[in-house]
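K.L.:
Next comes the structure file entry.tsv, holding TSV, C-alpha atoms and all ligand atoms.
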chain	number	residue	atom	x	y	z
T	28	MET	CA	-25.23	-8.56	-30.78
T	29	GLN	CA	-22.26	-10.88	-30.95
T	30	ILE	CA	-22.89	-14.61	-31.05
T	31	ARG	CA	-20.63	-16.40	-28.60
T	32	PRO	CA	-18.30	-19.08	-30.03
T	33	GLU	CA	-20.06	-21.89	-28.09
T	34	ILE	CA	-23.24	-21.10	-30.02
T	35	GLN	CA	-21.42	-20.48	-33.33
T	36	LYS	CA	-20.03	-23.99	-33.18
T	37	LEU	CA	-23.55	-25.44	-32.92
T	38	TYR	CA	-24.31	-24.14	-36.41
T	39	PRO	CA	-23.78	-27.43	-38.32
T	40	LYS	CA	-26.15	-29.24	-35.94
T	41	ILE	CA	-28.81	-26.52	-36.05
T	42	LYS	CA	-28.63	-26.43	-39.85
T	43	ALA	CA	-28.92	-30.22	-40.04
T	44	TYR	CA	-31.94	-30.19	-37.69
T	45	ARG	CA	-33.67	-27.58	-39.79
T	46	GLU	CA	-32.91	-29.44	-43.00
T	47	TYR	CA	-34.29	-32.73	-41.70
T	48	LEU	CA	-37.43	-31.14	-40.24
T	49	HIS	CA	-38.00	-29.15	-43.41
T	50	GLN	CA	-37.87	-32.24	-45.59
T	51	TYR	CA	-40.44	-34.15	-43.54
T	52	PRO	CA	-43.17	-31.66	-42.60
T	53	GLU	CA	-46.32	-32.84	-40.81
T	54	LEU	CA	-49.71	-31.19	-40.35
T	55	GLU	CA	-51.68	-30.05	-37.31
T	56	TYR	CA	-51.65	-32.64	-34.51
T	57	HIS	CA	-50.12	-35.39	-36.66
T	58	THR	CA	-46.48	-34.55	-35.94
T	59	VAL	CA	-45.42	-38.13	-35.16
T	60	GLN	CA	-42.03	-38.24	-36.91
T	61	THR	CA	-41.29	-34.71	-35.80
T	62	ARG	CA	-41.88	-35.69	-32.16
T	63	LYS	CA	-39.66	-38.76	-32.51
T	64	PHE	CA	-36.88	-36.63	-33.96
T	65	ILE	CA	-37.13	-34.11	-31.11
T	66	LYS	CA	-37.23	-36.91	-28.54
T	67	LYS	CA	-33.98	-38.36	-29.91
T	68	VAL	CA	-32.18	-35.02	-29.60
T	69	MET	CA	-33.54	-34.49	-26.10
T	70	GLU	CA	-32.34	-37.94	-25.05
T	71	GLU	CA	-28.92	-37.34	-26.56
T	72	THR	CA	-28.69	-34.01	-24.76
T	73	LYS	CA	-29.64	-35.71	-21.48
T	74	CYS	CA	-32.66	-33.67	-20.46
T	75	ASP	CA	-33.70	-34.26	-16.85
T	76	ILE	CA	-37.39	-34.89	-17.53
T	77	LEU	CA	-39.00	-35.92	-20.80
T	78	GLN	CA	-42.74	-36.08	-21.19
T	79	GLU	CA	-44.84	-36.88	-24.24
T	80	GLY	CA	-48.55	-37.11	-24.91
T	81	TYR	CA	-49.73	-33.51	-24.63
T	82	ALA	CA	-52.04	-32.52	-27.51
T	83	GLN	CA	-51.30	-35.94	-29.05
T	84	GLU	CA	-47.79	-35.31	-30.39
T	85	GLY	CA	-46.55	-32.53	-28.13
T	86	ILE	CA	-43.33	-33.16	-26.22
T	87	VAL	CA	-41.66	-31.45	-23.27
T	88	GLY	CA	-38.04	-31.72	-22.13
T	89	VAL	CA	-36.83	-30.12	-18.93
T	90	TYR	CA	-33.19	-29.18	-18.38
T	91	GLY	CA	-32.20	-28.55	-14.78
T	92	LYS	CA	-33.76	-29.69	-11.54
T	93	GLY	CA	-35.16	-27.98	-8.49
T	94	LYS	CA	-38.53	-27.08	-7.07
T	95	GLU	CA	-38.42	-23.45	-8.11
T	96	LYS	CA	-40.60	-22.25	-10.96
T	97	GLY	CA	-38.70	-22.30	-14.21
T	98	ILE	CA	-38.99	-20.80	-17.65
T	99	LEU	CA	-41.00	-22.15	-20.54
T	100	ILE	CA	-39.59	-21.89	-24.04
T	101	ARG	CA	-42.03	-22.97	-26.70
T	102	SER	CA	-41.64	-24.01	-30.32
T	103	ASP	CA	-44.48	-24.94	-32.62
T	104	MET	CA	-44.12	-28.13	-34.69
T	105	ASP	CA	-46.67	-28.15	-37.50
T	106	ALA	CA	-46.43	-27.33	-41.21
T	107	LEU	CA	-48.95	-26.11	-43.79
T	108	PRO	CA	-50.88	-27.76	-46.65
T	109	ILE	CA	-48.81	-25.99	-49.32
T	110	GLN	CA	-46.86	-27.47	-52.24
T	111	GLU	CA	-43.32	-26.14	-51.91
T	112	LYS	CA	-41.83	-24.29	-54.89
T	113	VAL	CA	-38.35	-23.74	-53.44
T	114	LYS	CA	-35.88	-25.60	-55.63
T	115	LYS	CA	-33.23	-27.15	-53.43
T	116	GLU	CA	-32.15	-30.57	-52.34
T	117	THR	CA	-33.52	-30.11	-48.83
T	118	ALA	CA	-36.98	-28.97	-49.98
T	119	SER	CA	-40.05	-30.79	-48.64
T	120	LYS	CA	-40.22	-34.47	-49.58
T	121	ILE	CA	-43.91	-34.63	-48.65
T	122	LYS	CA	-46.27	-33.75	-51.49
T	123	GLY	CA	-48.55	-30.82	-50.69
T	124	VAL	CA	-47.06	-30.20	-47.24
T	125	MET	CA	-44.46	-27.57	-46.42
T	126	HIS	CA	-42.92	-25.77	-43.47
T	127	ALA	CA	-43.90	-22.39	-44.91
T	128	CYS	CA	-44.28	-20.65	-41.55
T	129	GLY	CA	-40.76	-21.32	-40.27
T	130	HIS	CA	-41.78	-23.76	-37.52
T	131	ASP	CA	-38.92	-26.00	-38.71
T	132	GLY	CA	-36.61	-23.12	-37.80
T	133	HIS	CA	-38.25	-22.58	-34.40
T	134	MET	CA	-37.72	-26.27	-33.60
T	135	ALA	CA	-34.12	-26.29	-34.85
T	136	ALA	CA	-33.31	-23.22	-32.72
T	137	LEU	CA	-34.86	-24.72	-29.60
T	138	LEU	CA	-33.02	-28.00	-30.21
T	139	GLY	CA	-29.87	-25.88	-30.60
T	140	LEU	CA	-30.61	-24.47	-27.15
T	141	CYS	CA	-30.99	-28.05	-25.83
T	142	GLU	CA	-27.48	-28.75	-27.19
T	143	TYR	CA	-26.15	-25.63	-25.49
T	144	LEU	CA	-27.80	-26.55	-22.17
T	145	HIS	CA	-26.35	-30.04	-22.39
T	146	GLU	CA	-22.86	-28.56	-22.61
T	147	HIS	CA	-23.51	-26.02	-19.83
T	148	LYS	CA	-25.48	-28.15	-17.44
T	149	GLN	CA	-23.58	-26.94	-14.38
T	150	ARG	CA	-24.75	-23.38	-15.07
T	151	ILE	CA	-28.49	-24.23	-14.93
T	152	HIS	CA	-30.02	-22.75	-11.79
T	153	LYS	CA	-33.75	-23.28	-12.37
T	154	PRO	CA	-35.72	-25.64	-14.63
T	155	ILE	CA	-35.77	-24.74	-18.33
T	156	VAL	CA	-38.88	-26.24	-19.89
T	157	CYS	CA	-38.43	-26.77	-23.64
T	158	LEU	CA	-41.94	-27.31	-24.97
T	159	PHE	CA	-42.74	-28.45	-28.51
T	160	GLN	CA	-46.36	-27.90	-29.49
T	161	PRO	CA	-48.28	-29.25	-32.47
T	162	GLY	CA	-51.34	-27.67	-34.06
T	163	GLU	CA	-50.42	-23.99	-34.13
T	164	GLU	CA	-51.89	-23.33	-37.58
T	165	GLY	CA	-55.52	-23.00	-36.60
T	166	ALA	CA	-55.89	-26.15	-34.51
T	167	GLY	CA	-55.05	-24.48	-31.17
T	168	GLY	CA	-52.45	-26.91	-29.79
T	169	ALA	CA	-51.31	-24.42	-27.13
T	170	LYS	CA	-54.79	-24.24	-25.61
T	171	GLN	CA	-55.04	-28.01	-25.60
T	172	MET	CA	-51.66	-28.51	-23.90
T	173	ILE	CA	-52.66	-26.02	-21.19
T	174	GLU	CA	-56.06	-27.71	-20.73
T	175	GLU	CA	-54.23	-31.02	-20.37
T	176	GLY	CA	-52.28	-29.53	-17.47
T	177	VAL	CA	-48.82	-28.88	-18.89
T	178	LEU	CA	-48.44	-25.71	-16.81
T	179	GLU	CA	-49.46	-27.54	-13.63
T	180	THR	CA	-46.94	-30.31	-14.24
T	181	PHE	CA	-44.24	-27.81	-15.20
T	182	PRO	CA	-44.98	-24.55	-13.34
T	183	CYS	CA	-43.15	-21.64	-14.94
T	184	ALA	CA	-42.55	-18.05	-13.93
T	185	TYR	CA	-41.79	-16.87	-17.46
T	186	ALA	CA	-42.65	-17.89	-21.01
T	187	LEU	CA	-40.76	-17.24	-24.25
T	188	ALA	CA	-41.18	-18.05	-27.90
T	189	THR	CA	-39.95	-16.78	-31.22
T	190	HIS	CA	-41.32	-16.50	-34.73
T	191	LEU	CA	-39.18	-16.10	-37.82
T	192	MET	CA	-40.10	-12.91	-39.65
T	193	PRO	CA	-38.85	-12.21	-43.18
T	194	GLN	CA	-39.37	-8.46	-43.05
T	195	TYR	CA	-36.47	-8.08	-40.59
T	196	GLU	CA	-32.81	-8.58	-41.55
T	197	VAL	CA	-30.85	-11.57	-40.29
T	198	GLY	CA	-29.31	-10.53	-36.96
T	199	LYS	CA	-32.29	-8.44	-35.91
T	200	ILE	CA	-34.55	-9.34	-33.02
T	201	ALA	CA	-37.90	-7.53	-33.05
T	202	CYS	CA	-40.47	-7.17	-30.31
T	203	ARG	CA	-42.87	-4.67	-28.80
T	204	SER	CA	-44.31	-4.13	-25.37
T	205	GLY	CA	-48.02	-4.94	-24.97
T	206	ALA	CA	-50.22	-6.24	-27.79
T	207	MET	CA	-48.20	-7.41	-30.80
T	208	MET	CA	-50.61	-9.77	-32.60
T	209	ALA	CA	-54.39	-9.79	-32.73
T	210	GLN	CA	-57.18	-11.72	-31.07
T	211	ASN	CA	-59.25	-13.44	-33.75
T	212	ALA	CA	-62.47	-15.30	-34.36
T	213	GLU	CA	-64.04	-16.80	-37.46
T	214	VAL	CA	-67.68	-16.31	-38.16
T	215	GLU	CA	-70.29	-18.05	-40.31
T	216	ILE	CA	-73.36	-16.01	-41.10
T	217	ARG	CA	-76.39	-17.67	-42.65
T	218	VAL	CA	-78.88	-15.23	-44.18
T	219	GLN	CA	-82.32	-16.79	-44.53
T	220	GLY	CA	-84.97	-15.22	-46.78
T	221	THR	CA	-87.61	-16.77	-49.04
T	222	GLY	CA	-87.30	-17.71	-52.71
T	223	GLY	CA	-89.37	-16.81	-55.73
T	224	HIS	CA	-89.26	-15.87	-59.41
T	225	GLY	CA	-86.76	-13.15	-60.26
T	226	ALA	CA	-89.43	-11.44	-62.38
T	227	TYR	CA	-91.54	-10.88	-59.23
T	228	PRO	CA	-89.12	-9.34	-56.73
T	229	ASP	CA	-91.98	-8.43	-54.38
T	230	THR	CA	-92.88	-12.11	-53.81
T	231	GLY	CA	-89.63	-13.17	-52.06
T	232	LYS	CA	-87.20	-12.02	-49.36
T	233	ASP	CA	-83.92	-11.61	-51.16
T	234	ALA	CA	-80.99	-12.98	-49.14
T	235	ILE	CA	-78.38	-11.56	-51.56
T	236	LEU	CA	-79.73	-8.03	-51.26
T	237	ALA	CA	-79.90	-8.29	-47.46
T	238	ALA	CA	-76.34	-9.66	-47.28
T	239	THR	CA	-74.85	-6.97	-49.51
T	240	SER	CA	-76.68	-4.27	-47.60
T	241	PHE	CA	-75.34	-5.75	-44.35
T	242	LEU	CA	-71.77	-5.85	-45.68
T	243	LEU	CA	-71.76	-2.17	-46.57
T	244	GLU	CA	-73.62	-1.04	-43.45
T	245	VAL	CA	-71.49	-3.04	-41.03
T	246	GLN	CA	-68.27	-1.37	-42.22
T	247	THR	CA	-69.89	2.05	-41.80
T	248	GLN	CA	-71.07	1.16	-38.29
T	249	LEU	CA	-67.67	-0.20	-37.26
T	250	ASN	CA	-65.93	2.89	-38.58
T	251	LYS	CA	-68.35	5.36	-37.02
T	252	ARG	CA	-68.95	3.70	-33.65
T	253	PHE	CA	-65.30	2.98	-32.87
T	254	SER	CA	-62.37	5.33	-32.69
T	255	PRO	CA	-59.92	5.05	-35.60
T	256	LEU	CA	-57.30	4.39	-32.92
T	257	GLN	CA	-59.05	1.16	-31.94
T	258	GLU	CA	-57.50	-1.08	-34.55
T	259	LYS	CA	-59.79	-3.75	-35.98
T	260	VAL	CA	-60.56	-5.86	-39.04
T	261	PHE	CA	-63.86	-7.42	-39.97
T	262	HIS	CA	-63.51	-9.21	-43.29
T	263	ILE	CA	-65.82	-11.52	-45.21
T	264	GLY	CA	-63.87	-13.83	-47.50
T	265	ILE	CA	-66.60	-16.20	-48.70
T	266	ILE	CA	-70.15	-15.73	-49.95
T	267	GLN	CA	-72.06	-18.73	-51.23
T	268	GLY	CA	-75.66	-18.51	-52.38
T	269	GLY	CA	-78.14	-18.46	-55.24
T	270	ASN	CA	-79.02	-21.09	-57.85
T	271	ALA	CA	-80.17	-19.35	-61.00
T	272	CYS	CA	-80.09	-15.85	-62.42
T	273	ASN	CA	-83.86	-15.64	-62.61
T	274	THR	CA	-84.65	-16.74	-59.05
T	275	ILE	CA	-84.72	-14.89	-55.75
T	276	CYS	CA	-81.98	-16.30	-53.54
T	277	ASP	CA	-83.62	-17.65	-50.38
T	278	SER	CA	-80.51	-18.47	-48.37
T	279	LEU	CA	-76.80	-17.73	-48.40
T	280	LEU	CA	-73.72	-18.28	-46.30
T	281	MET	CA	-70.94	-15.79	-45.57
T	282	LYS	CA	-67.70	-16.62	-43.81
T	283	GLY	CA	-65.25	-14.15	-42.40
T	284	THR	CA	-62.87	-13.15	-39.67
T	285	LEU	CA	-62.88	-10.56	-36.88
T	286	ARG	CA	-59.61	-9.31	-35.41
T	287	ALA	CA	-58.64	-6.74	-32.77
T	288	PHE	CA	-55.95	-6.28	-30.12
T	289	ASP	CA	-58.07	-5.58	-27.07
T	290	GLU	CA	-60.38	-8.21	-25.60
T	291	ALA	CA	-63.05	-5.73	-24.42
T	292	ILE	CA	-63.08	-3.97	-27.80
T	293	PHE	CA	-63.31	-7.37	-29.47
T	294	GLN	CA	-66.56	-8.10	-27.62
T	295	GLN	CA	-67.94	-4.65	-28.46
T	296	LEU	CA	-67.11	-5.16	-32.15
T	297	LYS	CA	-68.97	-8.46	-32.10
T	298	ALA	CA	-72.02	-6.79	-30.56
T	299	CYS	CA	-71.91	-4.01	-33.16
T	300	ILE	CA	-71.82	-6.56	-36.01
T	301	MET	CA	-74.80	-8.47	-34.58
T	302	ASN	CA	-76.77	-5.26	-33.93
T	303	THR	CA	-76.23	-4.18	-37.52
T	304	ALA	CA	-77.54	-7.56	-38.68
T	305	GLU	CA	-80.62	-7.11	-36.49
T	306	ALA	CA	-81.39	-3.78	-38.16
T	307	ILE	CA	-80.96	-5.35	-41.61
T	308	GLU	CA	-83.25	-8.23	-40.59
T	309	LYS	CA	-86.05	-5.73	-39.93
T	310	LEU	CA	-85.42	-3.80	-43.10
T	311	TYR	CA	-85.40	-6.83	-45.42
T	312	ASP	CA	-87.59	-9.21	-43.42
T	313	VAL	CA	-84.89	-11.93	-43.37
T	314	HIS	CA	-83.04	-13.78	-40.60
T	315	PHE	CA	-79.33	-13.69	-39.79
T	316	HIS	CA	-77.85	-16.68	-37.90
T	317	PHE	CA	-74.38	-16.16	-36.48
T	318	GLN	CA	-71.97	-18.88	-35.55
T	319	TRP	CA	-68.75	-17.62	-33.96
T	320	HIS	CA	-65.65	-19.79	-33.73
T	321	GLU	CA	-63.28	-18.27	-31.19
T	322	GLY	CA	-59.65	-18.27	-32.31
T	323	TYR	CA	-56.61	-17.09	-30.35
T	324	PHE	CA	-56.13	-14.31	-27.81
T	325	SER	CA	-53.97	-11.36	-28.71
T	326	VAL	CA	-50.22	-11.91	-28.20
T	327	TYR	CA	-49.57	-9.64	-25.23
T	328	ASN	CA	-45.90	-9.09	-24.40
T	329	HIS	CA	-45.13	-8.28	-20.77
T	330	PRO	CA	-43.63	-4.74	-20.68
T	331	GLN	CA	-40.88	-5.49	-18.12
T	332	MET	CA	-39.88	-8.68	-19.88
T	333	CYS	CA	-39.64	-6.72	-23.14
T	334	MET	CA	-37.27	-4.25	-21.47
T	335	LEU	CA	-35.15	-7.20	-20.47
T	336	LEU	CA	-35.03	-8.42	-24.05
T	337	LYS	CA	-34.13	-4.96	-25.33
T	338	GLU	CA	-31.18	-4.79	-22.93
T	339	ALA	CA	-30.15	-8.36	-23.65
T	340	VAL	CA	-29.92	-8.15	-27.44
T	341	GLU	CA	-28.41	-4.64	-27.55
T	342	ASP	CA	-28.10	-3.21	-31.07
T	343	SER	CA	-29.97	-6.16	-32.60
T	344	TYR	CA	-33.25	-4.85	-31.15
T	345	VAL	CA	-35.91	-3.50	-33.50
T	346	GLU	CA	-39.29	-2.19	-32.39
T	347	ALA	CA	-41.84	-4.45	-34.08
T	348	ASP	CA	-45.04	-3.22	-35.68
T	349	LYS	CA	-48.37	-4.56	-34.47
T	350	GLN	CA	-49.82	-7.15	-36.84
T	351	MET	CA	-53.37	-8.37	-37.34
T	352	THR	CA	-52.16	-11.96	-37.62
T	353	SER	CA	-52.63	-14.33	-34.66
T	354	GLU	CA	-50.52	-16.87	-32.77
T	355	ASP	CA	-51.64	-19.41	-30.20
T	356	PHE	CA	-48.60	-18.76	-27.97
T	357	SER	CA	-51.02	-16.11	-26.65
T	358	PHE	CA	-52.65	-18.86	-24.55
T	359	PHE	CA	-49.38	-19.37	-22.68
T	360	LEU	CA	-48.95	-15.60	-22.29
T	361	LYS	CA	-52.43	-15.45	-20.72
T	362	GLU	CA	-51.17	-17.76	-17.95
T	363	VAL	CA	-47.50	-16.82	-17.62
T	364	PRO	CA	-45.81	-13.42	-18.12
T	365	GLY	CA	-43.43	-13.40	-21.05
T	366	PHE	CA	-43.12	-12.43	-24.67
T	367	MET	CA	-42.78	-13.58	-28.23
T	368	PHE	CA	-40.01	-12.04	-30.27
T	369	TYR	CA	-39.41	-12.10	-34.00
T	370	THR	CA	-36.20	-13.48	-35.42
T	371	GLY	CA	-35.22	-11.58	-38.57
T	372	CYS	CA	-34.71	-13.88	-41.57
T	373	LYS	CA	-34.86	-11.60	-44.61
T	374	MET	CA	-33.57	-13.13	-47.84
T	375	GLU	CA	-32.29	-11.36	-50.92
T	376	LYS	CA	-35.29	-12.64	-52.87
T	377	GLU	CA	-38.41	-11.28	-51.24
T	378	THR	CA	-40.75	-13.85	-49.72
T	379	SER	CA	-43.38	-14.07	-47.00
T	380	LEU	CA	-44.66	-16.50	-44.39
T	381	HIS	CA	-47.23	-19.00	-45.71
T	382	SER	CA	-45.88	-18.59	-49.24
T	383	ASP	CA	-44.76	-21.57	-51.35
T	384	THR	CA	-41.39	-19.86	-51.83
T	385	PHE	CA	-40.70	-19.17	-48.13
T	386	ASP	CA	-37.14	-19.98	-47.14
T	387	PHE	CA	-34.49	-18.64	-44.78
T	388	ASP	CA	-30.80	-18.85	-44.01
T	389	GLU	CA	-30.14	-20.98	-40.92
T	390	HIS	CA	-27.65	-18.38	-39.66
T	391	ALA	CA	-30.73	-16.44	-38.47
T	392	LEU	CA	-31.32	-19.23	-35.92
T	393	LEU	CA	-27.99	-18.56	-34.18
T	394	TYR	CA	-29.43	-15.19	-33.13
T	395	THR	CA	-32.49	-16.96	-31.72
T	396	VAL	CA	-30.33	-19.28	-29.61
T	397	GLU	CA	-28.09	-16.38	-28.49
T	398	THR	CA	-31.22	-14.42	-27.50
T	399	TYR	CA	-32.58	-17.38	-25.50
T	400	VAL	CA	-29.27	-17.77	-23.66
T	401	ARG	CA	-28.98	-14.03	-22.95
T	402	ILE	CA	-32.52	-13.95	-21.51
T	403	LEU	CA	-31.77	-17.01	-19.36
T	404	GLU	CA	-28.69	-15.21	-18.05
T	405	LYS	CA	-30.58	-11.97	-17.38
T	406	LEU	CA	-33.14	-13.92	-15.35
T	407	ASP	CA	-30.41	-15.75	-13.41
T	408	ILE	CA	-31.67	-19.06	-14.69
T	409	LEU	CA	-28.28	-19.66	-16.26
T	410	ILE	CA	-25.59	-18.45	-13.89
H	501	ZN	ZN	-48.34	-19.69	-39.80
H	502	ZN	ZN	-46.19	-19.69	-37.52
For this file, write the structure as structure tokens.
Ligand SMILES: [Zn+2]
Ligand SMILES: [Zn+2]

P.N.:
Amino acid sequence: MQIRPEIQKLYPKIKAYREYLHQYPELEYHTVQTRKFIKKVMEETKCDILQEGYAQEGIVGVYGKGKEKGILIRSDMDALPIQEKVKKETASKIKGVMHACGHDGHMAALLGLCEYLHEHKQRIHKPIVCLFQPGEEGAGGAKQMIEEGVLETFPCAYALATHLMPQYEVGKIACRSGAMMAQNAEVEIRVQGTGGHGAYPDTGKDAILAATSFLLEVQTQLNKRFSPLQEKVFHIGIIQGGNACNTICDSLLMKGTLRAFDEAIFQQLKACIMNTAEAIEKLYDVHFHFQWHEGYFSVYNHPQMCMLLKEAVEDSYVEADKQMTSEDFSFFLKEVPGFMFYTGCKMEKETSLHSDTFDFDEHALLYTVETYVRILEKLDILI
């Protein structure tokens, strides 16, 4: 895919946006300076409507007028609580906070699109809703913005977003039809037994034994009751319990995550996990208390929209693999047909998202902007 000269010439601005945003990362919903920066660019690029206040620091700028439903293009805004290890002048200036998930790049690309739209205002046929959302990393800012009515105020027929992805080369745009990222939930499981002296195992109800038995059994149940083609992950990452080596542990806490692509399967997996716990309760005479914290839906890309992307980006297109990670853009995709695509940003030195060495070349963002513009043209939003 060739990048048109009008987008090429935006490179210095896009690079400068990314560099500023990277140096001043902010967490979760507290993206105050980030919002102010975005607002300034939107004002300079003369957006037709500007609205703040969604999910605290979210901000929306609309380019183009008209009553027809438009298109929503979303960028996340938040960074991660990570101490950056990249050694360069434009590295994070905020101790312990870093844009390690590329959201600085998503913002810079969308601001680049705002610049492009400013210069091509006469071509805008339907409203283009540029939405900047805080709280992607676990806080669920997308859900909150929707609950606060952003889609009622700005009704859209389509929704788009990108995520930088270091496993794809710069210049590649990756996507797949249907489920691309997983639905997730976190779970806390309290196992309650009764204590006693370790020398008299028959006098207590051992929570550690019950928990370990559950952990092994639940994987067997999940593997035997579900087809291997029904992709899933149930993982416990924390176990806390026990006080002394010669006591019977009366209570412990496990924390983990459940992930799957299909909503119905997700509910069945949950039921299977709880049923297994019930059987273990009887066997060990203990109690399991489950607390589920629902996460994000699966990122479901609309098949026809994906075809459109494939045609639009030509030889840049790569079929993406499904991933068990999650993204809260899925809440928008639940309401509005659309897709998320990956922008390739591979570097010579291998790195990954959420790593303290994550970095990318801003040239990758030109492909994001070109992709946005090509989609807008395909949909006759830019004519
Ligand atoms: Zn992330
Ligand atoms: Zn991210």

K.L.:
Between chain T and ligand ZN 502 (chain H), at 8 Å or less, what are the per-residue closest atom pairs and their distances in Å? Count all atoms listed in the file, order by chain and rising residue number, and return it as a Markdown table.

P.N.:
| residue | atom | partner | partner_atom | distance |
| --- | --- | --- | --- | --- |
| T:Asp103 | CA | H:ZN502 | ZN | 7.4 |
| T:Cys128 | CA | H:ZN502 | ZN | 4.6 |
| T:Gly129 | CA | H:ZN502 | ZN | 6.3 |
| T:His130 | CA | H:ZN502 | ZN | 6.0 |
| T:Glu163 | CA | H:ZN502 | ZN | 6.9 |
| T:Glu164 | CA | H:ZN502 | ZN | 6.8 |
| T:His190 | CA | H:ZN502 | ZN | 6.5 |
| T:Leu191 | CA | H:ZN502 | ZN | 7.9 |
| T:Glu354 | CA | H:ZN502 | ZN | 7.0 |
| T:Leu380 | CA | H:ZN502 | ZN | 7.7 |

K.L.:
Enumerate residues in contact with ligand ZN 501 (chain H): an atom-to-atom distance of at most 12 Å, counting all atoms listed in the file. Format the result as a ChimeraX atom specification.

P.N.:
/T:54-55,103-109,125-131,133,162-167,190-192,352-356,379-382,385

K.L.:
Excluding range 211-227 of chain T and residues on its chain fewer than 3 positions from it, collect all residues at most 6 Å away from it, counting all atoms listed in the file, and give them as a short mmCIF file (atom, residue, chain, number, x, y, z; two decimals) with C-alpha atoms, in the frame of the given file.

P.N.:
data_model
loop_
_atom_site.label_atom_id
_atom_site.label_comp_id
_atom_site.auth_asym_id
_atom_site.auth_seq_id
_atom_site.Cartn_x
_atom_site.Cartn_y
_atom_site.Cartn_z
CA THR T 230 -92.88 -12.11 -53.81
CA GLY T 231 -89.63 -13.17 -52.06
CA LYS T 232 -87.20 -12.02 -49.36
CA ASP T 233 -83.92 -11.61 -51.16
CA ALA T 234 -80.99 -12.98 -49.14
CA ASN T 273 -83.86 -15.64 -62.61
CA THR T 274 -84.65 -16.74 -59.05
CA ILE T 275 -84.72 -14.89 -55.75
CA CYS T 276 -81.98 -16.30 -53.54
CA ASP T 277 -83.62 -17.65 -50.38
CA SER T 278 -80.51 -18.47 -48.37
CA LEU T 279 -76.80 -17.73 -48.40
CA LEU T 280 -73.72 -18.28 -46.30
CA MET T 281 -70.94 -15.79 -45.57
CA LYS T 282 -67.70 -16.62 -43.81
CA GLY T 283 -65.25 -14.15 -42.40
CA THR T 284 -62.87 -13.15 -39.67
CA LEU T 285 -62.88 -10.56 -36.88
CA ARG T 286 -59.61 -9.31 -35.41
CA VAL T 313 -84.89 -11.93 -43.37
CA HIS T 314 -83.04 -13.78 -40.60
CA PHE T 315 -79.33 -13.69 -39.79
CA HIS T 316 -77.85 -16.68 -37.90
CA PHE T 317 -74.38 -16.16 -36.48
CA GLN T 318 -71.97 -18.88 -35.55
CA TRP T 319 -68.75 -17.62 -33.96
CA HIS T 320 -65.65 -19.79 -33.73
CA GLU T 321 -63.28 -18.27 -31.19
CA GLY T 322 -59.65 -18.27 -32.31
CA TYR T 323 -56.61 -17.09 -30.35
#

K.L.:
Would you compute the distance between CA of Glu258 in chain T and CA of Met332 in chain T? Give it in Å to one decimal.

P.N.:
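CA of Met332 in chain T lies 24.2 Å from CA of Glu258 in chain T.
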
K.L.:
What's the separation between CA of Leu409 in chain T and CA of Cys74 in chain T, in Å to one decimal place?

P.N.:
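Computed distance, CA of Leu409 in chain T to CA of Cys74 in chain T, equals 15.3 Å.
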
K.L.:
Can you tell me how far CA of Glu305 in chain T sits from CA of Ile265 in chain T, in Å to one decimal?

P.N.:
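A separation of 20.7 Å between them.
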
K.L.:
Can you list, as a PyMOL selection string, every protein, DNA or RNA residue that comes within 7 Å of Thr384 in chain T when you count all atoms listed in the file, leaving out same-chain residues fewer than 3 positions away?

P.N.:
chain T and resi 111-113+378

K.L.:
Write out as a count of residues only the residues lying within 9 Å of Ala184 in chain T, counting all atoms listed in the file and excluding same-chain residues fewer than 4 positions away.

P.N.:
8

K.L.:
Taking 3 positions as the minimum chain separation for residues in the same chain, which residues sit within 9 Å of range 83-87 of chain T when counting only C-alpha atoms? Answer as a JSON list (two decimals) with C-alpha atoms, keeping the file's coordinate frame.

P.N.:
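Contents of the output file selection_1.json:
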[["chain", "number", "residue", "atom", "x", "y", "z"],
["T", 56, "TYR", "CA", -51.65, -32.64, -34.51],
["T", 57, "HIS", "CA", -50.12, -35.39, -36.66],
["T", 58, "THR", "CA", -46.48, -34.55, -35.94],
["T", 59, "VAL", "CA", -45.42, -38.13, -35.16],
["T", 61, "THR", "CA", -41.29, -34.71, -35.80],
["T", 62, "ARG", "CA", -41.88, -35.69, -32.16],
["T", 65, "ILE", "CA", -37.13, -34.11, -31.11],
["T", 66, "LYS", "CA", -37.23, -36.91, -28.54],
["T", 76, "ILE", "CA", -37.39, -34.89, -17.53],
["T", 77, "LEU", "CA", -39.00, -35.92, -20.80],
["T", 78, "GLN", "CA", -42.74, -36.08, -21.19],
["T", 79, "GLU", "CA", -44.84, -36.88, -24.24],
["T", 80, "GLY", "CA", -48.55, -37.11, -24.91],
["T", 104, "MET", "CA", -44.12, -28.13, -34.69],
["T", 156, "VAL", "CA", -38.88, -26.24, -19.89],
["T", 157, "CYS", "CA", -38.43, -26.77, -23.64],
["T", 158, "LEU", "CA", -41.94, -27.31, -24.97],
["T", 159, "PHE", "CA", -42.74, -28.45, -28.51],
["T", 160, "GLN", "CA", -46.36, -27.90, -29.49],
["T", 161, "PRO", "CA", -48.28, -29.25, -32.47],
["T", 168, "GLY", "CA", -52.45, -26.91, -29.79],
["T", 172, "MET", "CA", -51.66, -28.51, -23.90],
["T", 177, "VAL", "CA", -48.82, -28.88, -18.89]]

K.L.:
Which of these residues is nearest to Gln210 in chain T, using only C-alpha atoms: T:Lys153, T:Arg252, T:Lys36, T:Lys349?

P.N.:
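Looking only at the distances to Gln210 in chain T, the closest residue turns out to be T:Lys349.
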
K.L.:
In the coordinate frame of the file, compute which residues have an atom within 12 Å of (-30.3, -25.4, -29.1) when using all atoms listed in the file, and state them as a ChimeraX atom specification.

P.N.:
/T:33-42,44-45,65,68-69,72,90,100,102,132-147,157,392-400
